[in-house]
Amino acid sequence: MLGLGKKDTTLLLIVAALVVFAPFILNPFPGGSGMAQFNAGYPDLMQRFVIFGIFAIGFNILFGLTGYLSFGHAAFLGVGSYSAVWMFKLLSMNVLPAILLAVVFSGLFALLIGYISLRRSGIYFSILTLAFAQMCYALAYSVLTPITGGETGLQLAQDDPRILDAARDSGNLPVPGLFGLEMRSTADLVLGDWVFTFSAGYYFCAVVMLISFYMAIRIFRSPFGMMLRAIKSNQHRLNYTGLNARPYTLAAFVISGMYAGLAGGLMASMDPLAGAERMFWTASGEVVLMTILGGVGTLIGPVLGAGLIKYMENILSKINGDILHSWFAFLPDGLEDFIVTIVYPFIGKGWHLTLGLMFMAVVIFLPGGLVEAGQRIARAVRGRRSDDRKSATTEPAE
Amino acid sequence: MGILEVKDVNKRFGGLKALSDVNLSVKENTVHAIIGPNGAGKSTLLNCLVGKLIPDTGSVMFDGQSVLGRKPYQINQMGISRVFQTPEIFGDLTVMENVMIPLLAKRDGAFRLHAFESVEDETDLRHEAETMLEEVKMLDKRNMHTASMSRGDKRRLEMAMCLIQKPKLLLLDEPTAGMARADTNNTIDLLKEIREKRSITMCIIEHDMHVVFSLADRITVLAQGTPLVEDEPQKIKGHPKVKEAYLGEAA
Ligand SMILES: Nc1ncnc2c1ncn2[C@@H]1O[C@H](COP(=O)(O)OP(=O)(O)OP(=O)(O)O)[C@@H](O)[C@H]1O
Ligand SMILES: [Mg+2]
C-alpha cells in the first residue's frame, strides 16, 4: 500500500489505529477513581505526544541513520514556532500557511547551520550544533527581541494586521483554526464513569504525524536512506565508492530540521505563543533522550520514546507526597512513612531522577531501546510457544 | 601511453622517504603487479592514486587526466575502484546492500536525493547485484549482516563491491591475504574470468607469488620507496636485484 512493503504497511496501520483511538487507549481508568490521575487522554497531553513524536521522528532521520548527533535541534523547533506565530499575526489564523512557513523557514535555517556544522563530524559536530542553538536562544532573548518578543515571548495582539482574515470586532483574541474549525474545539463522549475528549487540534496533529511517519518510512527504505546508513557504517568506504557524503548528511540535516520546524509550527498552532525557552539546550537534549530511549535508527522507537518521556513529565511529576501516603495507607504507620520516604525522590519534581535512571538502564542493558525490549519479549514468547509445539508433537510419540 | 601514468612521485612522512622518484606506467587491459618487502611503500603508492594521499611532487595521470587535487569520490567516478589492505565494507549493512551501494553510486553519481524511491523496486540493479554475488559465491549470504563474516568473506565482498562498478582500473591491495588456499584459488579464477569477459586494467599488490605469477602481465618490484626493476614475470623470477631486495630484507 502507498508504495510500502507488507511489514511497513502493517506498522503504519497499527500506528494509525493507536493514534486514532488514543483518546480511548490513554483513558483506561474511570474518572473519579484513584487511578484516574494516570489517564493521559486529555487533549493537551495527547497533542504533545504526537508533536514530540514528529520532532523525534525527524531527529532520528539524522541521528538514527547517519549517526550525526545534533545537540541543537531545539533551535529549529523554536524557529518553527516563531514563524508560525508571525504568520498568525500577519496573514491569517489558518494553521496551514503558518505550518508551511514554519517548515520552510526551519529548513532554510537548517541549511545554514548544517552547512557550517557538517564540516566536522563526531563530537565537534555535536558541539557546533549546540553552540548554534545556544546562540539562537541568547539572541532570541536579547538582540532579536523585535522579532521574538524577548522574555515575554511572541504573542498575538488585538491589532495585528492579519490581512487575509475578516475584520473582527469582538474583544477576544482570535484562535488558530483550519478553515473555521477552531483547534481548541472539543467534543466529549460520556460512557458511564468515563469521559472521552476528542479535540480538533489533536486530530489535526495526529494526521500530520501520520503523514510525517509515512514519509519517514519511505526515506528509510529509499536508496537515499541506505546511503545515510552507509555513512554511519563506514564513511571511508563510502568515499572510495564514488559517493560524496557531505550533501547526503546535509540533506538529512535539513530534512530533520524541517521535521523539527513542523513540530514547532504545530505547537504554535495549538497554543499561539512562542518563547525562547523552546530553544534551550535542555529541549535539544530531550529529543536525544526520546530517540535513544525508544530505539535509535528504528521507525517506531522515537515515537515511543517521545510518548514515554512526555507521559512521565506530565503524569509522574504530578504525584505528590499526599497521594503516596494515600496509596500506602494500608501499611502500618512506620512502614508507610518509610516506603513513602524511599519512593518520594522518584516522583513529583524528582521525576527527572527516574528518567535518568531509566535512561542509564536502557543504554547499558538495552542499547536498542524500547523497541529492542519489545523484540526480546516477542522472541521469548514465540520461543516458548514453539517449545510448546515441539513438546506437544514429541510427547505422543514417546 | 598507459592508462595510468605515474611520474616522479615523491612522498615523505616526516623524515621517512616512503616513495622516491617512482615512475610507473600501466598499459590498458593488463594486470600489473607491484611486489616488494613490507614497508616498501606499495600501499602508499596506491594511496597517492586514489586521493587518500597527495604526493609531495610528481604527477599521476589516469585516462589522460590528472587525479591530483581530486577528492576520492571524484577519482572513483573517473573509473578507479580500490580494494583495501584491511577490508573496508559497510559492517552494519547486509551483503546485498553492500553491493547495491556501489551500483547506485555508479548509476546516479556522487549525490542524488532519491528519498522517495524504494530500494526494493530497483529490480534491474538487484538482479545485477545478485549476479555479482553469485560470481563471488556469496549469494546465499545476501541477507547476512557483514560485521560477523570471516575475513576472507569480507575480502571477497569488497572485491565484488569494486568489480560491480565495472571500473576501468581496479586496484587490489593484497586481495588474498588471510584467505584459505581454496579461496585464494577461487579469487585467482574470478579475476582471470573477469579479465576475459570485459576490458579491465588491474594493479595488484601481493605477497603470494603464486597469485602474482598466475595473473600478472608485468611486475614492478618496489623496495624502500624506489622501483628496482619492471619486467615480465619470467624475467623477474631469477632477477638478482629482486633476490637481493627480498633476501636483504630477510637477513
Ligand atoms: N600515513 C602515514 N604516516 C606515516 N607513515 C606512514 C604512513 N603510511 C605509511 N607510512 C610509512 O611508510 C612506509 C611505507 O608504508 P606502506 O604501507 O606503503 O608499505 P607497504 O609496502 O604497503 O607494506 P606492507 O606490505 O606491510 O603493506 C612504512 O614505513 C610506513 O610506516
Ligand atoms: Mg601495504
# chains A, B, ... in the order shown; residues from 1 in each chain; ligands from 1
$ residues_near_ligand --ligand "ligand 2" --cutoff "10 Å" --atoms "only C-alpha atoms and all ligand atoms" --output "list in words"
Gly36, Pro37, Asn38, Gly39, Ala40, Gly41, Lys42, Ser43, Thr44, Leu45, Leu46, Asn47, Phe84, Gln85, Thr86, Asp173, Glu174, Ile205, Glu206 and His207 of chain B
$ interface_residues --of "chain A" --to "chain B" --cutoff "10 Å" --atoms "only C-alpha atoms" --output "count of residues only"
38
$ residues_around --residues "B:Val31" --least-positions-apart "5" --cutoff "7 Å" --atoms "only C-alpha atoms" --output "ChimeraX atom specification"
/B:201-203,215-218
$ select_by_dssp --residues "stretch 71-201 of chain B" --states "strand (DSSP E)" --output "list in words"
Ile80, Ser81, Arg82, Val83, Leu169, Leu170, Leu171, Leu172, Asp173 and Thr201 of chain B
$ residues_around --residues "B:Glu134" --least-positions-apart "2" --cutoff "12 Å" --atoms "only C-alpha atoms" --output "list in words"
Val95, Met96, Val99, His127, Glu128, Ala129, Glu130, Thr131, Met132, Val136, Lys137, Met138, Leu139, Asp140, Lys141, Arg142, Arg156, Leu157, Ala160, Ile164 and Leu190 of chain B
$ residues_around --residues "stretch 183-194 of chain A" --least-positions-apart "3" --cutoff "8 Å" --atoms "only C-alpha atoms" --output "ChimeraX atom specification"
/A:27,29-32,175-178,197-202,204,269-270
$ write_last_selection --atoms "all heavy atoms" --output "compact mmCIF listing (two decimals), in the first residue's frame"
# COMPACT_ATOMS: atom_id res chain seq x y z
N ASN A 27 -7.14 6.61 28.20
CA ASN A 27 -8.06 6.87 29.30
C ASN A 27 -8.64 5.57 29.87
O ASN A 27 -9.85 5.40 29.92
CB ASN A 27 -9.21 7.75 28.81
CG ASN A 27 -9.08 9.17 29.32
OD1 ASN A 27 -8.11 9.48 29.99
ND2 ASN A 27 -10.03 10.01 28.99
N PHE A 29 -8.81 4.40 32.87
CA PHE A 29 -9.37 4.39 34.22
C PHE A 29 -10.56 5.33 34.31
O PHE A 29 -10.52 6.44 33.77
CB PHE A 29 -8.31 4.80 35.24
CG PHE A 29 -7.04 4.02 35.11
CD1 PHE A 29 -5.88 4.62 34.65
CD2 PHE A 29 -7.02 2.66 35.41
CE1 PHE A 29 -4.72 3.88 34.50
CE2 PHE A 29 -5.86 1.92 35.25
CZ PHE A 29 -4.71 2.53 34.80
N PRO A 30 -11.63 4.90 34.98
CA PRO A 30 -12.82 5.75 35.08
C PRO A 30 -12.51 7.01 35.87
O PRO A 30 -11.72 6.99 36.81
CB PRO A 30 -13.84 4.87 35.80
CG PRO A 30 -13.03 3.82 36.48
CD PRO A 30 -11.80 3.61 35.66
N GLY A 31 -13.11 8.12 35.44
CA GLY A 31 -12.91 9.38 36.14
C GLY A 31 -13.35 9.24 37.59
O GLY A 31 -14.29 8.51 37.91
N GLY A 32 -12.66 9.92 38.49
CA GLY A 32 -13.04 9.88 39.89
C GLY A 32 -12.40 8.73 40.64
O GLY A 32 -12.31 8.77 41.86
N VAL A 175 -8.37 32.73 17.59
CA VAL A 175 -7.69 31.46 17.86
C VAL A 175 -7.37 30.78 16.54
O VAL A 175 -8.09 30.94 15.56
CB VAL A 175 -8.54 30.51 18.73
CG1 VAL A 175 -8.67 31.05 20.13
CG2 VAL A 175 -9.89 30.28 18.10
N PRO A 176 -6.28 29.99 16.52
CA PRO A 176 -5.91 29.31 15.28
C PRO A 176 -6.96 28.28 14.90
O PRO A 176 -7.58 27.65 15.76
CB PRO A 176 -4.59 28.62 15.62
CG PRO A 176 -4.13 29.20 16.90
CD PRO A 176 -5.33 29.70 17.60
N GLY A 177 -7.14 28.12 13.60
CA GLY A 177 -8.13 27.15 13.15
C GLY A 177 -7.79 26.66 11.76
O GLY A 177 -6.84 27.12 11.12
N LEU A 178 -8.57 25.69 11.31
CA LEU A 178 -8.39 25.16 9.96
C LEU A 178 -9.67 25.47 9.20
O LEU A 178 -10.67 24.79 9.38
CB LEU A 178 -8.14 23.66 10.03
CG LEU A 178 -7.85 22.97 8.71
CD1 LEU A 178 -6.49 23.37 8.18
CD2 LEU A 178 -7.91 21.45 8.89
N THR A 197 -12.49 12.72 25.52
CA THR A 197 -12.49 14.03 24.87
C THR A 197 -11.84 13.94 23.49
O THR A 197 -10.72 13.44 23.37
CB THR A 197 -11.72 15.05 25.72
OG1 THR A 197 -12.21 14.98 27.05
CG2 THR A 197 -11.90 16.45 25.18
N PHE A 198 -12.53 14.40 22.48
CA PHE A 198 -11.97 14.42 21.13
C PHE A 198 -11.71 15.87 20.77
O PHE A 198 -12.62 16.68 20.77
CB PHE A 198 -12.94 13.79 20.14
CG PHE A 198 -13.31 12.40 20.52
CD1 PHE A 198 -14.45 12.15 21.27
CD2 PHE A 198 -12.50 11.33 20.16
CE1 PHE A 198 -14.77 10.86 21.65
CE2 PHE A 198 -12.82 10.04 20.53
CZ PHE A 198 -13.96 9.80 21.28
N SER A 199 -10.44 16.15 20.47
CA SER A 199 -10.11 17.54 20.22
C SER A 199 -9.71 17.71 18.76
O SER A 199 -9.01 16.88 18.18
CB SER A 199 -8.97 17.96 21.15
OG SER A 199 -7.90 18.48 20.44
N ALA A 200 -10.18 18.80 18.16
CA ALA A 200 -9.86 19.06 16.75
C ALA A 200 -8.35 19.21 16.60
O ALA A 200 -7.74 18.69 15.67
CB ALA A 200 -10.57 20.32 16.29
N GLY A 201 -7.74 19.92 17.55
CA GLY A 201 -6.30 20.15 17.48
C GLY A 201 -5.53 18.85 17.49
O GLY A 201 -4.61 18.64 16.71
N TYR A 202 -5.94 17.94 18.41
CA TYR A 202 -5.23 16.67 18.48
C TYR A 202 -5.33 15.91 17.17
O TYR A 202 -4.33 15.41 16.65
CB TYR A 202 -5.77 15.80 19.62
CG TYR A 202 -5.28 14.38 19.51
CD1 TYR A 202 -3.95 14.08 19.73
CD2 TYR A 202 -6.14 13.35 19.10
CE1 TYR A 202 -3.46 12.79 19.58
CE2 TYR A 202 -5.67 12.07 18.94
CZ TYR A 202 -4.33 11.79 19.18
OH TYR A 202 -3.86 10.52 19.01
N PHE A 204 -5.88 17.00 14.22
CA PHE A 204 -5.09 17.66 13.18
C PHE A 204 -3.61 17.27 13.31
O PHE A 204 -2.98 16.83 12.35
CB PHE A 204 -5.26 19.18 13.26
CG PHE A 204 -4.44 19.91 12.25
CD1 PHE A 204 -4.77 19.87 10.91
CD2 PHE A 204 -3.30 20.62 12.63
CE1 PHE A 204 -4.00 20.52 9.96
CE2 PHE A 204 -2.53 21.28 11.70
CZ PHE A 204 -2.87 21.23 10.36
N SER A 269 0.45 26.29 16.71
CA SER A 269 -0.92 26.22 16.24
C SER A 269 -1.87 25.78 17.34
O SER A 269 -3.05 26.12 17.35
CB SER A 269 -1.04 25.24 15.07
OG SER A 269 -0.17 25.60 14.05
N MET A 270 -1.36 24.99 18.29
CA MET A 270 -2.20 24.54 19.39
C MET A 270 -2.32 25.65 20.43
O MET A 270 -3.33 25.78 21.09
CB MET A 270 -1.60 23.29 20.05
CG MET A 270 -1.52 22.07 19.13
SD MET A 270 -3.12 21.63 18.43
CE MET A 270 -2.86 22.00 16.73
$ decode --residues "stretch 83-113 of chain B" --atoms "N, CA and C atoms" --output "PDB file, in the first residue's frame"
ATOM      1  N   VAL B  83      40.377  -2.056  -3.657  1.00  0.00           N
ATOM      2  CA  VAL B  83      40.202  -2.988  -2.536  1.00  0.00           C
ATOM      3  C   VAL B  83      41.315  -2.700  -1.545  1.00  0.00           C
ATOM      4  N   PHE B  84      40.961  -2.455  -0.292  1.00  0.00           N
ATOM      5  CA  PHE B  84      41.959  -2.048   0.690  1.00  0.00           C
ATOM      6  C   PHE B  84      42.668  -3.239   1.328  1.00  0.00           C
ATOM      7  N   GLN B  85      43.813  -2.930   1.969  1.00  0.00           N
ATOM      8  CA  GLN B  85      44.598  -3.999   2.592  1.00  0.00           C
ATOM      9  C   GLN B  85      43.838  -4.624   3.759  1.00  0.00           C
ATOM     10  N   THR B  86      43.190  -3.777   4.572  1.00  0.00           N
ATOM     11  CA  THR B  86      42.260  -4.310   5.564  1.00  0.00           C
ATOM     12  C   THR B  86      40.863  -4.037   5.021  1.00  0.00           C
ATOM     13  N   PRO B  87      40.002  -5.064   5.000  1.00  0.00           N
ATOM     14  CA  PRO B  87      38.705  -4.914   4.329  1.00  0.00           C
ATOM     15  C   PRO B  87      37.936  -3.687   4.799  1.00  0.00           C
ATOM     16  N   GLU B  88      37.457  -2.918   3.849  1.00  0.00           N
ATOM     17  CA  GLU B  88      36.608  -1.763   4.140  1.00  0.00           C
ATOM     18  C   GLU B  88      35.245  -2.029   3.523  1.00  0.00           C
ATOM     19  N   ILE B  89      34.293  -2.426   4.383  1.00  0.00           N
ATOM     20  CA  ILE B  89      32.944  -2.669   3.889  1.00  0.00           C
ATOM     21  C   ILE B  89      31.969  -1.995   4.839  1.00  0.00           C
ATOM     22  N   PHE B  90      30.684  -2.023   4.496  1.00  0.00           N
ATOM     23  CA  PHE B  90      29.681  -1.423   5.366  1.00  0.00           C
ATOM     24  C   PHE B  90      29.214  -2.481   6.364  1.00  0.00           C
ATOM     25  N   GLY B  91      29.813  -2.443   7.552  1.00  0.00           N
ATOM     26  CA  GLY B  91      29.612  -3.518   8.521  1.00  0.00           C
ATOM     27  C   GLY B  91      28.190  -3.652   9.057  1.00  0.00           C
ATOM     28  N   ASP B  92      27.436  -2.537   9.120  1.00  0.00           N
ATOM     29  CA  ASP B  92      26.089  -2.616   9.696  1.00  0.00           C
ATOM     30  C   ASP B  92      25.040  -2.985   8.660  1.00  0.00           C
ATOM     31  N   LEU B  93      25.471  -3.101   7.401  1.00  0.00           N
ATOM     32  CA  LEU B  93      24.501  -3.337   6.338  1.00  0.00           C
ATOM     33  C   LEU B  93      24.589  -4.793   5.875  1.00  0.00           C
ATOM     34  N   THR B  94      23.596  -5.212   5.117  1.00  0.00           N
ATOM     35  CA  THR B  94      23.617  -6.588   4.634  1.00  0.00           C
ATOM     36  C   THR B  94      24.531  -6.695   3.412  1.00  0.00           C
ATOM     37  N   VAL B  95      24.868  -7.934   3.067  1.00  0.00           N
ATOM     38  CA  VAL B  95      25.728  -8.190   1.913  1.00  0.00           C
ATOM     39  C   VAL B  95      25.123  -7.564   0.658  1.00  0.00           C
ATOM     40  N   MET B  96      23.819  -7.761   0.505  1.00  0.00           N
ATOM     41  CA  MET B  96      23.123  -7.224  -0.669  1.00  0.00           C
ATOM     42  C   MET B  96      23.237  -5.702  -0.723  1.00  0.00           C
ATOM     43  N   GLU B  97      23.001  -5.061   0.411  1.00  0.00           N
ATOM     44  CA  GLU B  97      23.101  -3.589   0.441  1.00  0.00           C
ATOM     45  C   GLU B  97      24.520  -3.143   0.130  1.00  0.00           C
ATOM     46  N   ASN B  98      25.491  -3.912   0.605  1.00  0.00           N
ATOM     47  CA  ASN B  98      26.883  -3.571   0.342  1.00  0.00           C
ATOM     48  C   ASN B  98      27.197  -3.513  -1.147  1.00  0.00           C
ATOM     49  N   VAL B  99      26.591  -4.384  -1.935  1.00  0.00           N
ATOM     50  CA  VAL B  99      26.869  -4.313  -3.372  1.00  0.00           C
ATOM     51  C   VAL B  99      25.909  -3.382  -4.106  1.00  0.00           C
ATOM     52  N   MET B 100      24.739  -3.112  -3.491  1.00  0.00           N
ATOM     53  CA  MET B 100      23.808  -2.170  -4.127  1.00  0.00           C
ATOM     54  C   MET B 100      24.364  -0.743  -4.102  1.00  0.00           C
ATOM     55  N   ILE B 101      25.067  -0.398  -3.034  1.00  0.00           N
ATOM     56  CA  ILE B 101      25.543   0.981  -2.883  1.00  0.00           C
ATOM     57  C   ILE B 101      26.518   1.375  -4.002  1.00  0.00           C
ATOM     58  N   PRO B 102      27.553   0.556  -4.281  1.00  0.00           N
ATOM     59  CA  PRO B 102      28.425   0.939  -5.404  1.00  0.00           C
ATOM     60  C   PRO B 102      27.690   0.978  -6.744  1.00  0.00           C
ATOM     61  N   LEU B 103      26.704   0.134  -6.896  1.00  0.00           N
ATOM     62  CA  LEU B 103      25.927   0.153  -8.139  1.00  0.00           C
ATOM     63  C   LEU B 103      25.162   1.459  -8.285  1.00  0.00           C
ATOM     64  N   LEU B 104      24.519   1.873  -7.193  1.00  0.00           N
ATOM     65  CA  LEU B 104      23.779   3.134  -7.220  1.00  0.00           C
ATOM     66  C   LEU B 104      24.728   4.301  -7.427  1.00  0.00           C
ATOM     67  N   ALA B 105      25.916   4.217  -6.814  1.00  0.00           N
ATOM     68  CA  ALA B 105      26.898   5.292  -6.983  1.00  0.00           C
ATOM     69  C   ALA B 105      27.317   5.402  -8.439  1.00  0.00           C
ATOM     70  N   LYS B 106      27.439   4.254  -9.079  1.00  0.00           N
ATOM     71  CA  LYS B 106      27.832   4.228 -10.481  1.00  0.00           C
ATOM     72  C   LYS B 106      26.717   4.815 -11.356  1.00  0.00           C
ATOM     73  N   ARG B 107      25.463   4.448 -11.038  1.00  0.00           N
ATOM     74  CA  ARG B 107      24.358   4.892 -11.885  1.00  0.00           C
ATOM     75  C   ARG B 107      23.985   6.352 -11.633  1.00  0.00           C
ATOM     76  N   ASP B 108      23.918   6.735 -10.341  1.00  0.00           N
ATOM     77  CA  ASP B 108      23.360   8.048 -10.001  1.00  0.00           C
ATOM     78  C   ASP B 108      24.401   9.118  -9.724  1.00  0.00           C
ATOM     79  N   GLY B 109      25.664   8.753  -9.725  1.00  0.00           N
ATOM     80  CA  GLY B 109      26.682   9.758  -9.456  1.00  0.00           C
ATOM     81  C   GLY B 109      26.909   9.959  -7.972  1.00  0.00           C
ATOM     82  N   ALA B 110      27.682  10.996  -7.652  1.00  0.00           N
ATOM     83  CA  ALA B 110      28.162  11.182  -6.282  1.00  0.00           C
ATOM     84  C   ALA B 110      27.046  11.551  -5.312  1.00  0.00           C
ATOM     85  N   PHE B 111      25.970  12.167  -5.812  1.00  0.00           N
ATOM     86  CA  PHE B 111      24.854  12.501  -4.922  1.00  0.00           C
ATOM     87  C   PHE B 111      23.557  12.552  -5.705  1.00  0.00           C
ATOM     88  N   ARG B 112      22.528  11.959  -5.128  1.00  0.00           N
ATOM     89  CA  ARG B 112      21.195  12.131  -5.689  1.00  0.00           C
ATOM     90  C   ARG B 112      20.179  11.997  -4.569  1.00  0.00           C
ATOM     91  N   LEU B 113      19.204  12.877  -4.550  1.00  0.00           N
ATOM     92  CA  LEU B 113      18.220  12.859  -3.470  1.00  0.00           C
ATOM     93  C   LEU B 113      17.078  11.913  -3.852  1.00  0.00           C
TER      94      LEU B 113
END
